[in-house]
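Enquirer: Structure: data.pdb, PDB, C-alpha atoms and all ligand atoms.
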ATOM      1  CA  MET A   9     162.034 166.648 130.786
ATOM      2  CA  ALA A  10     161.126 167.694 127.260
ATOM      3  CA  GLU A  11     159.622 165.170 124.886
ATOM      4  CA  PRO A  12     162.477 163.674 122.854
ATOM      5  CA  ARG A  13     162.535 164.567 119.179
ATOM      6  CA  PRO A  14     160.871 161.559 117.649
ATOM      7  CA  VAL A  15     162.629 159.333 115.148
ATOM      8  CA  ILE A  16     159.920 157.274 113.492
ATOM      9  CA  GLU A  17     161.237 154.032 112.045
ATOM     10  CA  LEU A  18     157.844 152.330 111.744
ATOM     11  CA  THR A  19     155.003 152.841 109.287
ATOM     12  CA  PRO A  20     151.459 152.393 110.596
ATOM     13  CA  PRO A  21     149.705 149.683 108.564
ATOM     14  CA  ASP A  22     146.677 150.687 106.501
ATOM     15  CA  ILE A  23     143.757 149.179 108.425
ATOM     16  CA  SER A  24     140.910 150.509 106.282
ATOM     17  CA  GLY A  25     140.162 146.969 105.100
ATOM     18  CA  TRP A  26     139.825 145.759 108.692
ATOM     19  CA  ARG A  27     136.890 147.972 109.600
ATOM     20  CA  ALA A  28     133.992 145.695 108.694
ATOM     21  CA  GLY A  29     135.496 142.657 110.413
ATOM     22  CA  ASN A  30     133.071 139.771 110.993
ATOM     23  CA  THR A  31     131.732 140.353 114.488
ATOM     24  CA  GLY A  32     129.406 143.322 114.018
ATOM     25  CA  ILE A  33     131.909 145.520 115.860
ATOM     26  CA  ASP A  34     134.191 147.777 113.801
ATOM     27  CA  TYR A  35     137.849 146.717 113.678
ATOM     28  CA  VAL A  36     137.174 143.435 115.477
ATOM     29  CA  THR A  37     137.888 140.227 113.529
ATOM     30  CA  ARG A  38     137.401 136.709 114.823
ATOM     31  CA  ILE A  39     139.234 133.708 113.401
ATOM     32  CA  ASP A  40     137.404 130.519 114.337
ATOM     33  CA  SER A  41     139.332 127.234 114.279
ATOM     34  CA  LEU A  42     136.020 125.314 114.287
ATOM     35  CA  SER A  43     137.493 123.140 117.069
ATOM     36  CA  PRO A  44     136.755 123.480 120.772
ATOM     37  CA  GLY A  45     139.249 125.586 122.685
ATOM     38  CA  PRO A  46     139.882 128.887 124.403
ATOM     39  CA  ASN A  47     138.692 132.337 123.369
ATOM     40  CA  VAL A  48     141.979 134.121 122.773
ATOM     41  CA  VAL A  49     141.971 137.891 122.256
ATOM     42  CA  VAL A  50     144.813 140.110 121.066
ATOM     43  CA  THR A  51     144.411 143.866 121.346
ATOM     44  CA  ALA A  52     146.439 146.667 119.761
ATOM     45  CA  ALA A  53     146.322 150.469 119.631
ATOM     46  CA  VAL A  54     144.846 150.910 123.095
ATOM     47  CA  HIS A  55     147.020 154.005 122.709
ATOM     48  CA  GLY A  56     146.729 155.334 119.164
ATOM     49  CA  ASN A  57     150.384 156.327 118.755
ATOM     50  CA  GLU A  58     151.647 152.817 119.619
ATOM     51  CA  LEU A  59     152.219 151.151 116.269
ATOM     52  CA  CYS A  60     153.894 147.826 117.059
ATOM     53  CA  GLY A  61     150.704 146.018 118.098
ATOM     54  CA  VAL A  62     148.922 146.873 114.858
ATOM     55  CA  ILE A  63     152.035 145.752 112.954
ATOM     56  CA  ALA A  64     151.898 142.414 114.823
ATOM     57  CA  LEU A  65     148.207 141.977 113.919
ATOM     58  CA  ASP A  66     149.014 142.869 110.307
ATOM     59  CA  PHE A  67     151.741 140.206 110.315
ATOM     60  CA  LEU A  68     149.303 137.621 111.661
ATOM     61  CA  ARG A  69     146.789 138.443 108.929
ATOM     62  CA  ARG A  70     149.342 138.509 106.108
ATOM     63  CA  GLU A  71     150.838 135.182 107.164
ATOM     64  CA  ALA A  72     147.348 133.701 107.602
ATOM     65  CA  ILE A  73     148.197 132.434 111.069
ATOM     66  CA  ARG A  74     145.114 130.689 112.455
ATOM     67  CA  PRO A  75     144.463 129.167 115.860
ATOM     68  CA  THR A  76     144.527 125.377 115.990
ATOM     69  CA  ARG A  77     141.770 125.360 118.646
ATOM     70  CA  GLY A  78     139.121 127.772 119.865
ATOM     71  CA  THR A  79     138.882 131.297 118.503
ATOM     72  CA  LEU A  80     141.353 134.116 118.023
ATOM     73  CA  THR A  81     139.916 137.636 118.050
ATOM     74  CA  LEU A  82     141.946 140.608 116.831
ATOM     75  CA  VAL A  83     140.960 144.069 118.049
ATOM     76  CA  VAL A  84     142.200 147.526 117.078
ATOM     77  CA  CYS A  85     141.016 149.239 120.238
ATOM     78  CA  ASN A  86     141.288 153.015 119.916
ATOM     79  CA  TYR A  87     141.100 153.136 116.123
ATOM     80  CA  ALA A  88     139.968 156.780 116.126
ATOM     81  CA  ALA A  89     143.207 157.764 117.861
ATOM     82  CA  TYR A  90     145.289 155.424 115.676
ATOM     83  CA  LEU A  91     143.816 156.890 112.477
ATOM     84  CA  SER A  92     144.809 160.383 113.654
ATOM     85  CA  PHE A  93     148.503 159.385 113.862
ATOM     86  CA  ASP A  94     150.688 162.113 112.346
ATOM     87  CA  ARG A  95     154.385 161.378 111.778
ATOM     88  CA  SER A  96     155.269 165.064 112.156
ATOM     89  CA  ASN A  97     153.485 165.304 115.520
ATOM     90  CA  PRO A  98     153.039 161.761 116.835
ATOM     91  CA  TYR A  99     152.384 162.350 120.548
ATOM     92  CA  PRO A 100     148.773 163.681 120.497
ATOM     93  CA  SER A 101     147.368 160.550 118.834
ATOM     94  CA  ARG A 102     147.792 158.646 122.125
ATOM     95  CA  PHE A 103     144.060 159.237 122.660
ATOM     96  CA  VAL A 104     141.170 161.438 121.527
ATOM     97  CA  ASP A 105     139.417 162.492 124.766
ATOM     98  CA  GLU A 106     141.031 160.452 127.515
ATOM     99  CA  ASP A 107     143.323 157.510 128.175
ATOM    100  CA  PHE A 108     141.558 154.356 126.921
ATOM    101  CA  ASN A 109     143.481 152.280 129.427
ATOM    102  CA  ARG A 110     142.098 154.060 132.513
ATOM    103  CA  VAL A 111     138.372 153.474 131.952
ATOM    104  CA  TRP A 112     138.152 149.703 132.583
ATOM    105  CA  SER A 113     136.123 149.600 135.783
ATOM    106  CA  HIS A 114     132.413 148.820 136.047
ATOM    107  CA  ALA A 115     132.016 152.220 137.749
ATOM    108  CA  VAL A 116     133.268 154.068 134.657
ATOM    109  CA  LEU A 117     131.860 151.776 131.970
ATOM    110  CA  ASP A 118     128.401 151.744 133.585
ATOM    111  CA  SER A 119     128.420 155.504 134.118
ATOM    112  CA  ALA A 120     127.038 158.239 131.853
ATOM    113  CA  ARG A 121     130.572 159.374 130.920
ATOM    114  CA  ARG A 122     130.580 159.760 127.149
ATOM    115  CA  THR A 123     133.961 160.136 125.476
ATOM    116  CA  VAL A 124     135.391 158.580 122.333
ATOM    117  CA  GLU A 125     137.216 156.145 124.620
ATOM    118  CA  THR A 126     134.330 155.128 126.905
ATOM    119  CA  VAL A 127     132.053 154.636 123.874
ATOM    120  CA  ARG A 128     134.642 152.397 122.220
ATOM    121  CA  ALA A 129     135.396 150.529 125.443
ATOM    122  CA  ARG A 130     131.690 149.733 125.818
ATOM    123  CA  GLU A 131     131.647 148.395 122.228
ATOM    124  CA  ILE A 132     134.459 145.930 122.804
ATOM    125  CA  ARG A 133     133.607 145.146 126.435
ATOM    126  CA  PRO A 134     131.753 141.888 125.528
ATOM    127  CA  ILE A 135     134.840 140.690 123.630
ATOM    128  CA  VAL A 136     137.142 141.445 126.554
ATOM    129  CA  ALA A 137     134.703 139.950 129.065
ATOM    130  CA  ALA A 138     134.455 136.692 127.058
ATOM    131  CA  ALA A 139     138.228 136.250 126.649
ATOM    132  CA  ASP A 140     139.930 133.339 128.355
ATOM    133  CA  PHE A 141     143.338 134.781 127.502
ATOM    134  CA  LEU A 142     144.171 138.352 126.506
ATOM    135  CA  LEU A 143     147.373 139.857 125.170
ATOM    136  CA  ASP A 144     147.346 143.655 125.037
ATOM    137  CA  ILE A 145     150.249 145.047 122.994
ATOM    138  CA  HIS A 146     151.756 148.436 123.858
ATOM    139  CA  SER A 147     154.945 150.459 123.526
ATOM    140  CA  MET A 148     156.712 153.038 125.697
ATOM    141  CA  GLN A 149     157.924 156.626 125.646
ATOM    142  CA  ASN A 150     161.530 155.770 126.478
ATOM    143  CA  ILE A 151     164.043 153.571 124.729
ATOM    144  CA  SER A 152     164.297 150.768 127.254
ATOM    145  CA  ALA A 153     164.156 146.984 127.420
ATOM    146  CA  PRO A 154     160.690 145.509 126.766
ATOM    147  CA  LEU A 155     158.511 144.592 129.742
ATOM    148  CA  MET A 156     155.686 142.129 130.316
ATOM    149  CA  LEU A 157     153.155 143.604 132.775
ATOM    150  CA  CYS A 158     151.360 140.683 134.403
ATOM    151  CA  GLY A 159     149.220 142.362 137.068
ATOM    152  CA  PRO A 160     149.368 141.861 140.819
ATOM    153  CA  HIS A 161     148.354 138.186 141.093
ATOM    154  CA  GLU A 162     150.293 134.948 141.068
ATOM    155  CA  LYS A 163     148.273 133.671 138.087
ATOM    156  CA  GLY A 164     149.566 136.556 135.974
ATOM    157  CA  ARG A 165     153.181 135.965 136.989
ATOM    158  CA  ARG A 166     152.877 132.301 136.162
ATOM    159  CA  PHE A 167     151.337 133.109 132.786
ATOM    160  CA  ALA A 168     154.090 135.610 131.916
ATOM    161  CA  LEU A 169     156.737 133.010 132.764
ATOM    162  CA  GLU A 170     154.936 130.438 130.582
ATOM    163  CA  VAL A 171     155.022 132.861 127.654
ATOM    164  CA  GLY A 172     158.697 133.323 128.559
ATOM    165  CA  PHE A 173     159.276 136.535 126.630
ATOM    166  CA  PRO A 174     160.253 139.351 127.004
ATOM    167  CA  ALA A 175     162.879 138.893 129.681
ATOM    168  CA  HIS A 176     161.535 141.355 132.252
ATOM    169  CA  VAL A 177     158.194 140.608 133.927
ATOM    170  CA  VAL A 178     156.664 143.393 135.999
ATOM    171  CA  SER A 179     154.031 142.479 138.572
ATOM    172  CA  ASP A 180     152.005 145.582 139.382
ATOM    173  CA  ALA A 181     148.530 146.824 140.273
ATOM    174  CA  GLY A 182     148.107 149.619 137.713
ATOM    175  CA  HIS A 183     147.341 153.292 138.141
ATOM    176  CA  ALA A 184     145.508 155.568 140.567
ATOM    177  CA  ALA A 185     144.061 157.397 137.536
ATOM    178  CA  GLY A 186     141.863 154.431 136.540
ATOM    179  CA  GLN A 187     141.772 150.707 135.844
ATOM    180  CA  ARG A 188     143.481 149.099 132.851
ATOM    181  CA  MET A 189     141.854 146.671 130.433
ATOM    182  CA  ARG A 190     144.212 143.895 131.573
ATOM    183  CA  ASP A 191     142.799 144.200 135.111
ATOM    184  CA  TYR A 192     139.139 144.179 134.016
ATOM    185  CA  GLY A 193     136.627 141.726 135.475
ATOM    186  CA  ALA A 194     137.819 138.122 135.760
ATOM    187  CA  PHE A 195     141.399 139.053 134.812
ATOM    188  CA  GLY A 196     141.689 140.963 138.084
ATOM    189  CA  ASP A 197     140.146 138.166 140.172
ATOM    190  CA  PRO A 198     142.731 135.685 141.467
ATOM    191  CA  ALA A 199     140.031 133.021 141.895
ATOM    192  CA  MET A 200     139.070 133.052 138.197
ATOM    193  CA  PRO A 201     141.020 131.182 135.489
ATOM    194  CA  GLN A 202     140.966 133.988 132.890
ATOM    195  CA  ASN A 203     144.364 135.573 132.408
ATOM    196  CA  ALA A 204     145.666 138.728 130.745
ATOM    197  CA  LEU A 205     149.064 140.197 129.925
ATOM    198  CA  LEU A 206     150.143 143.631 128.759
ATOM    199  CA  VAL A 207     153.410 143.834 126.868
ATOM    200  CA  GLU A 208     155.438 147.036 126.496
ATOM    201  CA  CYS A 209     157.542 146.269 123.423
ATOM    202  CA  GLY A 210     160.049 149.140 123.518
ATOM    203  CA  GLN A 211     159.992 152.754 122.361
ATOM    204  CA  HIS A 212     156.885 153.668 120.344
ATOM    205  CA  TRP A 213     158.531 154.156 116.982
ATOM    206  CA  GLU A 214     161.728 152.085 117.032
ATOM    207  CA  ALA A 215     161.796 149.229 114.528
ATOM    208  CA  ARG A 216     162.743 146.717 117.205
ATOM    209  CA  SER A 217     159.432 147.243 119.039
ATOM    210  CA  ALA A 218     157.642 145.607 116.081
ATOM    211  CA  ASP A 219     159.986 142.582 116.248
ATOM    212  CA  VAL A 220     159.288 142.278 119.978
ATOM    213  CA  ALA A 221     155.533 142.569 119.381
ATOM    214  CA  ARG A 222     155.576 139.781 116.764
ATOM    215  CA  GLU A 223     157.675 137.451 118.896
ATOM    216  CA  THR A 224     155.588 138.098 122.013
ATOM    217  CA  LEU A 225     152.389 137.439 120.078
ATOM    218  CA  LEU A 226     153.698 134.128 118.686
ATOM    219  CA  ARG A 227     155.018 132.956 122.063
ATOM    220  CA  PHE A 228     151.731 133.966 123.691
ATOM    221  CA  LEU A 229     149.726 131.920 121.132
ATOM    222  CA  ASP A 230     152.113 129.018 121.707
ATOM    223  CA  ALA A 231     151.754 129.268 125.505
ATOM    224  CA  VAL A 232     147.953 129.107 125.327
ATOM    225  CA  GLY A 233     148.206 126.096 123.024
ATOM    226  CA  VAL A 234     146.769 127.469 119.793
ATOM    227  CA  LEU A 235     149.875 128.031 117.622
ATOM    228  CA  ALA A 236     150.282 125.487 114.817
ATOM    229  CA  ALA A 237     153.574 123.560 114.798
ATOM    230  CA  LYS A 238     154.252 124.745 111.254
ATOM    231  CA  ASP A 239     153.963 128.395 112.365
ATOM    232  CA  ARG A 240     156.205 127.750 115.356
ATOM    233  CA  ASP A 241     158.794 126.264 113.019
ATOM    234  CA  ARG A 242     158.473 129.113 110.525
ATOM    235  CA  PHE A 243     158.752 132.022 112.910
ATOM    236  CA  LEU A 244     160.224 131.060 116.276
ATOM    237  CA  ASP A 245     163.799 130.246 117.178
ATOM    238  CA  PRO A 246     163.722 126.715 118.657
ATOM    239  CA  ALA A 247     166.174 127.783 121.394
ATOM    240  CA  PRO A 248     164.151 129.193 124.289
ATOM    241  CA  PRO A 249     164.800 132.862 125.109
ATOM    242  CA  PRO A 250     166.571 133.732 128.374
ATOM    243  CA  LYS A 251     164.461 132.927 131.438
ATOM    244  CA  PRO A 252     162.565 136.068 132.475
ATOM    245  CA  ARG A 253     163.104 137.803 135.790
ATOM    246  CA  VAL A 254     160.175 139.103 137.819
ATOM    247  CA  ILE A 255     160.149 142.603 139.252
ATOM    248  CA  GLU A 256     157.529 143.133 141.930
ATOM    249  CA  VAL A 257     156.207 146.675 142.013
ATOM    250  CA  THR A 258     155.662 147.862 145.567
ATOM    251  CA  GLU A 259     154.243 151.273 144.763
ATOM    252  CA  ALA A 260     153.153 153.483 141.902
ATOM    253  CA  VAL A 261     154.177 157.074 142.549
ATOM    254  CA  THR A 262     151.282 159.382 141.634
ATOM    255  CA  ILE A 263     152.135 162.993 140.768
ATOM    256  CA  ARG A 264     150.571 165.510 143.177
ATOM    257  CA  THR A 265     151.757 168.919 141.964
ATOM    258  CA  GLU A 266     152.603 170.774 138.753
ATOM    259  CA  GLN A 267     156.191 171.010 140.047
ATOM    260  CA  PHE A 268     157.100 167.340 139.785
ATOM    261  CA  ARG A 269     160.578 166.632 138.398
ATOM    262  CA  PHE A 270     163.087 163.803 138.276
ATOM    263  CA  HIS A 271     166.732 164.549 139.104
ATOM    264  CA  SER A 272     167.943 162.501 136.156
ATOM    265  CA  ASP A 273     166.744 161.467 132.685
ATOM    266  CA  PHE A 274     165.644 158.028 133.839
ATOM    267  CA  VAL A 275     164.405 155.679 131.094
ATOM    268  CA  GLY A 276     163.414 152.676 133.239
ATOM    269  CA  LEU A 277     165.071 149.588 134.728
ATOM    270  CA  GLU A 278     167.681 151.672 136.547
ATOM    271  CA  VAL A 279     168.562 150.003 139.864
ATOM    272  CA  ILE A 280     169.175 152.518 142.668
ATOM    273  CA  ALA A 281     171.513 150.855 145.149
ATOM    274  CA  LYS A 282     170.858 152.759 148.374
ATOM    275  CA  ARG A 283     167.604 153.114 150.262
ATOM    276  CA  GLY A 284     166.690 156.782 150.823
ATOM    277  CA  THR A 285     168.249 158.083 147.595
ATOM    278  CA  GLU A 286     166.398 161.158 146.364
ATOM    279  CA  ILE A 287     165.464 160.556 142.723
ATOM    280  CA  GLY A 288     163.085 163.476 142.239
ATOM    281  CA  ARG A 289     160.831 166.040 143.858
ATOM    282  CA  ASP A 290     157.088 166.680 143.792
ATOM    283  CA  GLY A 291     156.789 170.329 144.810
ATOM    284  CA  ASP A 292     158.615 170.410 148.155
ATOM    285  CA  ARG A 293     158.319 166.689 148.756
ATOM    286  CA  PRO A 294     161.410 164.604 148.015
ATOM    287  CA  LEU A 295     160.895 161.301 146.248
ATOM    288  CA  LEU A 296     163.082 158.762 148.072
ATOM    289  CA  THR A 297     163.765 155.165 147.178
ATOM    290  CA  PRO A 298     162.126 152.984 149.873
ATOM    291  CA  TYR A 299     164.720 150.165 149.921
ATOM    292  CA  ASP A 300     168.100 149.111 148.585
ATOM    293  CA  ASP A 301     168.318 147.981 144.943
ATOM    294  CA  CYS A 302     165.099 149.755 143.985
ATOM    295  CA  VAL A 303     164.168 149.288 140.305
ATOM    296  CA  LEU A 304     162.565 152.195 138.440
ATOM    297  CA  ILE A 305     159.800 151.100 136.061
ATOM    298  CA  MET A 306     158.571 153.266 133.176
ATOM    299  CA  PRO A 307     159.286 156.787 134.423
ATOM    300  CA  THR A 308     156.945 159.085 132.525
ATOM    301  CA  ARG A 309     157.661 162.257 130.605
ATOM    302  CA  ARG A 310     154.052 163.406 131.016
ATOM    303  CA  LEU A 311     154.486 165.047 134.405
ATOM    304  CA  LYS A 312     150.863 165.921 135.173
ATOM    305  CA  PRO A 313     149.089 165.702 138.553
ATOM    306  CA  GLY A 314     147.123 162.473 138.940
ATOM    307  CA  GLN A 315     149.366 160.546 136.527
ATOM    308  CA  THR A 316     151.775 157.800 137.499
ATOM    309  CA  ALA A 317     155.304 159.246 137.591
ATOM    310  CA  VAL A 318     157.129 155.958 138.026
ATOM    311  CA  ARG A 319     156.641 152.579 139.636
ATOM    312  CA  LEU A 320     159.151 151.328 142.198
ATOM    313  CA  GLY A 321     159.953 147.677 142.507
ATOM    314  CA  ARG A 322     162.463 144.973 143.249
ATOM    315  CA  PHE A 323     163.659 141.787 141.621
ATOM    316  CA  VAL A 324     162.139 138.674 143.204
ATOM    317  CA  GLY A 325     163.142 135.028 143.062
ATOM    318  CA  ALA A 326     166.341 133.632 141.651
TER     319      ALA A 326
HETATM  320 ZN    ZN B 401     150.279 152.086 125.812
END
What is this file in structure tokens?
Ligand SMILES: [Zn+2]
Expert:
Amino acid sequence: MAEPRPVIELTPPDISGWRAGNTGIDYVTRIDSLSPGPNVVVTAAVHGNELCGVIALDFLRREAIRPTRGTLTLVVCNYAAYLSFDRSNPYPSRFVDEDFNRVWSHAVLDSARRTVETVRAREIRPIVAAADFLLDIHSMQNISAPLMLCGPHEKGRRFALEVGFPAHVVSDAGHAAGQRMRDYGAFGDPAMPQNALLVECGQHWEARSADVARETLLRFLDAVGVLAAKDRDRFLDPAPPPKPRVIEVTEAVTIRTEQFRFHSDFVGLEVIAKRGTEIGRDGDRPLLTPYDDCVLIMPTRRLKPGQTAVRLGRFVGA
């Protein structure tokens, strides 16, 4: 599959004024309610070419939305990649040296590996480690319905359903290529109360992804009990959104060869009715659906060995 010709409906906000922040860490700003409550953290631009999260943070700042309890910390994660965004060639600004969202294990962060992304991850690690609740805002390559990725544990599923938006919740364990920020430390421990969500708001540069990012952020702040009633009334429809459905991922298909291909231009959320349907090939190896009504999650266009090609899952519950 070739990369689609990008149509860029969004404009990346100017974040030069955000650099100094107030935490001693560049592009990290903390809003303190001065009342006891949770440490809530919202992260954007983990991938530098994903604009909707920064737009949601910009909205929060412009509208002076403050937490009613605890603290709210806003982080532009991979700002070096974000600042390299080029409308005429928007794909390379995903990262500088490596994928920021594959370095979040103690093994990598405590190692000598020195890349733009590991250096930055180490800078914001104390913020992530101290978060009670984290929302990490992303977007996708394909035009497809937004997804809330809640991790493999019951606590994440419950949290995603409490936020209640967007309407598809994906329960998955991440990637063979390295651990995500949302799975770091206590977030990945089912016995700990800390909880993290990763939202995929739609295609990277479609205008709607910014609307989804804003609504997800507001509903997330509401779910953790820090959104002021006046802000809820100003920005959220009082009618609850449709009840989300959970898709449980049973496997992430990791690409083994340079000859990986899909048989169709899948964009995600396709449901393949019959078990054993061949949906692609990795070299000589057919990729077969393992059960009836198999849901395809986020098929990639970056078909490189070691990367996740697609996740396979099924709808659970009512
Ligand atoms: Zn992303």
Enquirer: Starting from the displayed file, determine the output of the PyMOL selection byres (((chain A and resi 178) around 10) and not hetatm) and express the residue list as number ranges by chain.
Expert: A: 155-160, 164-165, 168, 175-177, 179-181, 206-207, 253-257, 305, 319, 321-323
Enquirer: Give as a list in words every residue, naming chains and numbers as the document does, that has an atom within 8 Å of (140.6, 134.8, 130.4), counting all atoms listed in the file.
Expert: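 Checked against the point, the hits come out as Asn47, Val48, Ala137, Ala138, Ala139, Asp140, Phe141, Leu142, Ala194, Phe195, Pro201, Gln202, Asn203 and Ala204 of chain A.
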Enquirer: Check every protein, DNA and RNA residue against ligand ZN 401 (chain B), keep those with an atom at most 7 Å away (counting only C-alpha atoms and all ligand atoms), and present them as a PyMOL selection string.
Expert: chain A and resi 54-55+58+146-148
Enquirer: Return as number ranges by chain the set of residues that the PyMOL selection byres (((chain A and resi 94-96) around 12) and not hetatm) yields on the displayed structure.
Expert: A: 13-20, 56-59, 89-93, 97-102, 212-213
Enquirer: Please determine, counting only C-alpha atoms, which residue among A:Pro154, A:Gly314, A:Gly25, A:Gly78 has the shortest atom-to-atom distance to Ala218 in chain A.
Expert: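 Nearest to Ala218 in chain A: A:Pro154.
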Enquirer: Taking (163.7, 148.1, 127.8) as a centre in this file's frame and 8 Å as the limit, can you find every polymer residue with an atom that close, using all atoms listed in the file, and give them as a PyMOL selection string?
Expert: chain A and resi 151-155+209-210+276-277
Enquirer: Using all atoms listed in the file, which residue out of A:Leu68, A:Leu169, A:Met189, A:Ala221 lies closest to Phe108 in chain A?
Expert: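 Checking each candidate against Phe108 in chain A, we get A:Met189 as the closest.
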Enquirer: Quick one: of A:His183, A:Arg27, A:Arg188, A:Leu42, who's nearest to Leu117 in chain A, counting all atoms listed in the file?
Expert: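 Looking only at the distances to Leu117 in chain A, the closest residue turns out to be A:Arg188.
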Enquirer: Quick one: distance from CA of Thr258 in chain A to CA of Leu320 in chain A in Å, one decimal?
Expert: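 Taking CA of Thr258 in chain A as the start and CA of Leu320 in chain A as the end point, the length is 6.0 Å.
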Enquirer: Starting from the PyMOL selection byres (((chain A and resi 124-135) around 9) and not hetatm), expand the selection into actual residues of this file and give them as a ChimeraX atom specification.
Expert: /A:33-34,36,49,81,83,85-88,103-109,111-112,116-118,121-123,136-139
Enquirer: Could you state the separation of CA of Leu311 in chain A and CA of Gly182 in chain A in Å, given to one decimal place?
Expert: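 These atoms are spaced 17.0 Å apart.
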Enquirer: For a test of reading the model, state the distance in Å between CA of Arg166 in chain A and CA of Leu235 in chain A, rounded to one decimal.
Expert: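 That distance, rounded to one decimal, is 19.3 Å.
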Enquirer: Could you pull the residues within 10 Å of range 285-293 of chain A, counting all atoms listed in the file, minus those fewer than 6 positions along the same chain, as a PDB file with C-alpha atoms, in the coordinates of the input?
Expert:
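File result00.pdb, as written:
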ATOM      1  CA  THR A 262     151.282 159.382 141.634  1.00  0.00           C
ATOM      2  CA  ILE A 263     152.135 162.993 140.768  1.00  0.00           C
ATOM      3  CA  ARG A 264     150.571 165.510 143.177  1.00  0.00           C
ATOM      4  CA  THR A 265     151.757 168.919 141.964  1.00  0.00           C
ATOM      5  CA  GLU A 266     152.603 170.774 138.753  1.00  0.00           C
ATOM      6  CA  GLN A 267     156.191 171.010 140.047  1.00  0.00           C
ATOM      7  CA  PHE A 268     157.100 167.340 139.785  1.00  0.00           C
ATOM      8  CA  ARG A 269     160.578 166.632 138.398  1.00  0.00           C
ATOM      9  CA  PHE A 270     163.087 163.803 138.276  1.00  0.00           C
ATOM     10  CA  HIS A 271     166.732 164.549 139.104  1.00  0.00           C
ATOM     11  CA  SER A 272     167.943 162.501 136.156  1.00  0.00           C
ATOM     12  CA  PHE A 274     165.644 158.028 133.839  1.00  0.00           C
ATOM     13  CA  TYR A 299     164.720 150.165 149.921  1.00  0.00           C
ATOM     14  CA  ASP A 300     168.100 149.111 148.585  1.00  0.00           C
ATOM     15  CA  CYS A 302     165.099 149.755 143.985  1.00  0.00           C
ATOM     16  CA  LEU A 304     162.565 152.195 138.440  1.00  0.00           C
ATOM     17  CA  LEU A 311     154.486 165.047 134.405  1.00  0.00           C
ATOM     18  CA  PRO A 313     149.089 165.702 138.553  1.00  0.00           C
ATOM     19  CA  ALA A 317     155.304 159.246 137.591  1.00  0.00           C
TER      20      ALA A 317
END
